Structure formats: structure tokens, C-alpha cells
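*Asks:* Here's a structure for you.
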Amino acid sequence: MELGPKEEAALRAEAERLRRMAVIGVALSIGAAIVCVMTVPFVYNYVQRVETVLQNEADFCRNSTMMLNHFILIFFLFKNTDAHDVIREALNSIDQFSDPCDNFYAHVCTYTEPDFLTNAMYAPIFEKLIAQQRDSSWENLESMSALNDINLGEIEPSLTEYLVNTFSNLCETQDRDLHNFLLKVEQIMYRTLSPKCHFTDCMTPLESDNNCTRASETLQSRLQPYHGNVVAEMKMLKDEINKVLENIRVVSMIIDGDYREGIEFVNENVKNMISIVTKMIDKTPWAQNQGVTKTIKQLVEEIVVDDNYAVQLRSNIDVLMDFEQKYLKCTGSFKGDFNLLCLQLSWEVMKTTGEQPFFKWLNAGNFHPTTIFGLPIYAIAKDAKETAGKLGSAIAVAGHELSHSIIESPYFRQLLPFSSEEAIQCVQSQFNNTCNEFGEGLCGVSDVPGEIDENGSDLLGLQLAYELFLNEYQGREEDIYLQLNHRNITYQQLFFYAFPILHCRKQCNIYGENAPQQKK
């Protein structure tokens, strides 16, 4: 059947309309396919990046939760530890048949090991306390594990060479980590996670250079001012992290072992000694004649015991967990293994505690106005049953450190506005006279600044502690404290026995070549 002109025109119009629709449909399909090809990788990469960041944050939250649980247990469920009265126990090993006046130190100290007797006696307790921390977050850091796994003998010492060689390999293989690597290099160079590079200091533009040899040479020239040694840097990083870890362990030991009572005892008696020494200064003609009484009293009154173990704990944990988080975020941003790079970056931007550390073994220090003491000092101050033993050991050491603030060589002054030969001669003469009185030999002293400081602090520190003893034992100084098989020990004798017991070891030298320990 033939179509009329009108019907044929209508069919042609319909066909044209359908053709246009078909063309538009095909075009839209092709466009959609192109958009999918372009966007799917971006979406995938974004989702993967979000997943990585969330995983890092989840890991950090998990570590923080573990840490919080640990401290809840620490503060509310103190672990039982066996207390050591090391002064009382050490008295059982003195040489009861020797004459104390012949050689008092040899009479007291029969210990033959090079380390201090105090350290040896407390070692089992301290090791037990440390063992209780093995499941703590700070003992299971991924960053520390990675640091320990690095074989420093197999890597290029020069940080510049390490970075250039790594860049060259990534460039040659067109590795997807190239951009992120260059960004981390910028952060290392500027020592900040938010660098604002300028012109030739920028590293990321190098990824667009298809000539990898030229790009590597450019990177090397831009790194030229940075003379880092990656082996040395990793050793310093390990030392720094170990210091922070040690401080956390010691503060945790203070809490776990409940040595806070010892800290309070030392702190209270330092305050008492400050009160005594200020009265002594008021009565000292030399200070009055030189017009330095007020200044010296001000120095003494500034002295404090570093007892902020809670602040120390928080500060050190903040440093450690901040480092761990930076390391995890860095490694999580790479597809490949960039542990060394991320350790270097985290080390460059690592925080510092700004606090003087607590330490585990017998030691003490004066960082005026702060005085710090090793854990055995606080442990003895808590565990020794008799006050005379505490005063003759832990508090005598505290008095020694306090005295460092007001006894200085005239040739090497740090705090005092004035010192004199007269004052130093008084210190040295008294020290020599004391030594000669007991006929122990090796009594010569020199004018070495450190020796003058130590000699004077020995004399004044022990004198201050003895004043506290007299105040505590009024009329009871000669009462019997302990009956041994062949010797009775009074409270006064206990005070003087305690000091060499605290410092007892095979070596007879605490403070220097010219300061034999028995003279103390």
C-alpha cells in the first residue's frame, strides 16, 4: 500500500526524532563510561586513604585506651612488692671484729662488687616492677619495633644519599609513592609537618621531571645544605626514646611500688634543712662581712625537690605517643616500606619533655632550683624502719645536693655573686682535718672547682642531716638500736653507719680521683 505524502512526511519526522534520541543515548553512554573510567580510581584512592587514616586513628585510640586502663589499675590497685630495709640488712654484714677508728669505711663496707650495694639490694624489686609493665602500651610501640629492626650497618650513612637513591628508584619505576615521598622530604628539611617551601627549596615539583637522572641531581643539590647522618640520627633517636621510656618506667615504679611516701619524706626534710641553713647563714660572719647574706638565703629558699611525678608521667607519655602517632600516620600514607624515612621524619619533629628525668639507680643532682634523686633514695626513705637510718643516708644525700647551690669555687661561680679564698680555705681545711683525724690517708685536696664544690657539700650536707637527727632523737642518741653478736649499735651510730652503707661498693671513690670515699 502506497503512503500518501502526509503519511510519509510523518514517518520521516518520527524516524528523525528516534535517530536523534539514539545519538543522544549513545553519546550519554559513552560520556558516562568515560566519567566512570576517570572517577572510579579517584574514588577508590580517596576511600583507601580515608580507611588508612581511620585505621591509624583507631590504632592510636586503642593504644590510648590500653594506657588508660593500665593507669586505672596503677592508681587503684597497687601491686604488692617486698620492702627492703637495706640499712638494717647491711648492718648484718659489717666487720664486727675490726676497729671502726682504724678505717671506718672498710669496717662498714665488706661488699666486693663494683656497683653500689644499694642498687644490688633493690635490683630484684625494681626488675619485678618493670616486668609488670611489659603489656603496657609504651612497651609495645610499632615505631620502637621498627627502629630495633633496622640494620644500621646495611644502610647508607649519608641522609642525602639515602634520600636521593630512594627518589631515583621511585622515579625510575614511576612509583605511586613518589609524590608523598617528596612531600616527606620537604617536611624533613623544614622540620615541620606543615612546610611552606620557597622556589628551589620545594621538592614536589621534581615528580613532573621525566628525566630521572636530572631530577636526582637537582634533588641532591637542593639537599646539599643538609648534612645529616642517618645512622647517627637513628642512634640518637633510639637513645632519646629509651630515655623517655626509662622515665615512664621509673615513674610507674614509683606509683606501683608506692614510693610516694619516700618522696614526701625527702621533700619534708629538705624543707627542714632549708630552715636550718638559713639560720646558719644569718649567724655566719663571712656572709655578713661580704654583704651576701640576703642573696645566699634567697638561693637556699628557692630549692625544691622534683616531686611532680604525675606531671613527668603525662609529659613523657605525651611525647612518646605523639611520636608513635606521627610515625603511624607517615607509614600509613605509603604503599611500600618507608619505615626509615618515617622514623627520620618523626624524629625531626619530635617533641621534648622539658623535664629533668627520674632515674632508677642510686644518683642525685642539683639543677638549681630543682634537686632530683634516684629511686633508691626514695625507696630507702620509705622502707627503712628507723628514722636515724633514713637521715644518715637519703637525707644526707639530699643535704649534699642542697649545699651545691651555696658552695662554689671563686674561680667558677654559677649562682653566688661572690666567693672568696677565705671561704674555700675554710672548706678545704675542715675537709682535710676530718680526714686526718681518722688517719685514712689520701687526704690531699686540690683547688679544682668541682672538688671544692663536692668537699663543701659533703661537710654541710652531713651536718644538716645530723641537725635533723639531734632534733628527732633528743636524749635518745646513745640508746641501743640494735644488738649484734659482737657489737651494739646506738641510734647515733646508726646515723653514721647509714651514710657509708648507702655508698658502699668495691671502689672507694665516689666523686673524683682526689676524693677517696672513706673520707666522707
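Residue numbering restarts at 1 for every chain of the C-alpha cells, chains are lettered A, B, ... in their displayed order, and ligands are numbered from 1 as they appear.
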Give me, as a PyMOL selection string, the residues of range 146-365 of chain A that a backbone DSSP run labels helix (DSSP H, G or I).
*Replies:* chain A and resi 146-149+152-154+159-172+178-190+199-201+204-208+212-222+230-256+260-282+285-290+293-302+309-332+339-348
*Asks:* Considering only C-alpha atoms, tabulate each residue of range 256-327 of chain A that lies at most 9 Å from range 224-244 of chain A along with its nearest interatomic pair and the corresponding distance in Å to one decimal; arrange the rows by chain and ascending residue number and present them as a tab-separated table.
*Replies:*
```
residue	atom	partner	partner_atom	distance
A:Asn316	CA	A:Val244	CA	5.9
A:Ile317	CA	A:Val244	CA	8.0
A:Val319	CA	A:Val244	CA	8.0
A:Leu320	CA	A:Val244	CA	7.2
```
*Asks:* Tell me, in Å to one decimal, how far CA of Cys171 in chain A is from CA of Leu159 in chain A.
*Replies:*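 For CA of Cys171 in chain A relative to CA of Leu159 in chain A, the distance reads 18.1 Å.
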*Asks:* Work out how far apart CA of Gln298 in chain A and CA of Ile276 in chain A are and give it in Å to one decimal.
*Replies:* 13.7 Å
*Asks:* Might you pull out every residue within 12 Å of Pro205 in chain A, with only C-alpha atoms counted and same-chain residues fewer than 2 positions away left off, and present them as a list in words?
*Replies:* Leu178, His179, Asn180, Phe181, Leu182, Leu183, Glu186, Cys197, His198, Phe199, Thr200, Asp201, Cys202, Met203, Glu207, Ser208, Asp209, Asn210, Ala215, Thr218 and Leu219 of chain A
*Asks:* Could the residues in this selection be saved with C-alpha atoms as a PDB file, in the first residue's frame?
*Replies:*
```pdb
ATOM      1  CA  LEU A 178      56.820   9.364  44.638  1.00  0.00           C
ATOM      2  CA  HIS A 179      54.733  12.453  45.415  1.00  0.00           C
ATOM      3  CA  ASN A 180      54.257  11.507  49.055  1.00  0.00           C
ATOM      4  CA  PHE A 181      57.979  10.736  49.367  1.00  0.00           C
ATOM      5  CA  LEU A 182      58.947  14.195  48.118  1.00  0.00           C
ATOM      6  CA  LEU A 183      56.432  15.775  50.483  1.00  0.00           C
ATOM      7  CA  GLU A 186      60.226  18.698  52.419  1.00  0.00           C
ATOM      8  CA  CYS A 197      58.725  25.820  50.726  1.00  0.00           C
ATOM      9  CA  HIS A 198      60.139  28.599  48.582  1.00  0.00           C
ATOM     10  CA  PHE A 199      61.258  28.278  44.960  1.00  0.00           C
ATOM     11  CA  THR A 200      64.230  25.918  44.723  1.00  0.00           C
ATOM     12  CA  ASP A 201      63.582  24.548  48.229  1.00  0.00           C
ATOM     13  CA  CYS A 202      60.416  22.833  47.000  1.00  0.00           C
ATOM     14  CA  MET A 203      60.766  19.113  46.319  1.00  0.00           C
ATOM     15  CA  GLU A 207      57.987  14.426  40.258  1.00  0.00           C
ATOM     16  CA  SER A 208      56.978  16.030  36.967  1.00  0.00           C
ATOM     17  CA  ASP A 209      60.510  15.724  35.527  1.00  0.00           C
ATOM     18  CA  ASN A 210      60.592  12.629  33.324  1.00  0.00           C
ATOM     19  CA  ALA A 215      65.759  15.170  38.755  1.00  0.00           C
ATOM     20  CA  THR A 218      68.536  18.517  41.256  1.00  0.00           C
ATOM     21  CA  LEU A 219      67.319  16.860  44.459  1.00  0.00           C
TER      22      LEU A 219
END
```
*Asks:* Sort by chain and increasing residue number a table of all residues of range 209-262 of chain A within 9 Å of range 359-363 of chain A, each with its closest pair of atoms and their distance in Å to one decimal, counting only C-alpha atoms, and write it as JSON lines.
*Replies:*
```
{"residue": "A:Glu246", "atom": "CA", "partner": "A:Phe359", "partner_atom": "CA", "distance": 7.4}
{"residue": "A:Asn247", "atom": "CA", "partner": "A:Phe359", "partner_atom": "CA", "distance": 6.5}
{"residue": "A:Arg249", "atom": "CA", "partner": "A:Lys360", "partner_atom": "CA", "distance": 8.6}
{"residue": "A:Val250", "atom": "CA", "partner": "A:Lys360", "partner_atom": "CA", "distance": 5.9}
{"residue": "A:Val251", "atom": "CA", "partner": "A:Phe359", "partner_atom": "CA", "distance": 8.6}
{"residue": "A:Met253", "atom": "CA", "partner": "A:Lys360", "partner_atom": "CA", "distance": 8.9}
```
*Asks:* I need the chosen residues saved as a PDB file, in the first residue's frame, with N, CA and C atoms.
*Replies:*
```
ATOM      1  N   GLU A 246      62.538   5.045  79.869  1.00  0.00           N
ATOM      2  CA  GLU A 246      63.086   4.811  81.204  1.00  0.00           C
ATOM      3  C   GLU A 246      62.400   5.695  82.228  1.00  0.00           C
ATOM      4  N   ASN A 247      62.134   6.939  81.842  1.00  0.00           N
ATOM      5  CA  ASN A 247      61.467   7.846  82.778  1.00  0.00           C
ATOM      6  C   ASN A 247      60.048   7.379  83.076  1.00  0.00           C
ATOM      7  N   ARG A 249      59.013   4.298  82.921  1.00  0.00           N
ATOM      8  CA  ARG A 249      59.140   3.098  83.751  1.00  0.00           C
ATOM      9  C   ARG A 249      59.401   3.455  85.207  1.00  0.00           C
ATOM     10  N   VAL A 250      60.314   4.411  85.430  1.00  0.00           N
ATOM     11  CA  VAL A 250      60.671   4.770  86.808  1.00  0.00           C
ATOM     12  C   VAL A 250      59.486   5.409  87.518  1.00  0.00           C
ATOM     13  N   VAL A 251      58.779   6.317  86.839  1.00  0.00           N
ATOM     14  CA  VAL A 251      57.615   6.947  87.471  1.00  0.00           C
ATOM     15  C   VAL A 251      56.550   5.897  87.747  1.00  0.00           C
ATOM     16  N   MET A 253      57.176   2.825  88.393  1.00  0.00           N
ATOM     17  CA  MET A 253      57.694   2.086  89.543  1.00  0.00           C
ATOM     18  C   MET A 253      57.426   2.838  90.844  1.00  0.00           C
TER      19      MET A 253
END
```
*Asks:* Find the residues near Ile489 in chain A: any atom within 12 Å, counting only C-alpha atoms, skip ones fewer than 2 places away on the same chain, and give them as a list in words.
*Replies:* Arg88, Leu91, Asn92, Ile94, Gln96, Ala388, Gly389, Glu477, Glu478, Asp479, Ile480, Tyr481, Leu482, Gln483, Leu484, Asn485, His486, Arg487, Tyr491, Gln492, Gln493, Leu494, Phe495, Phe496, Tyr497 and Ala498 of chain A
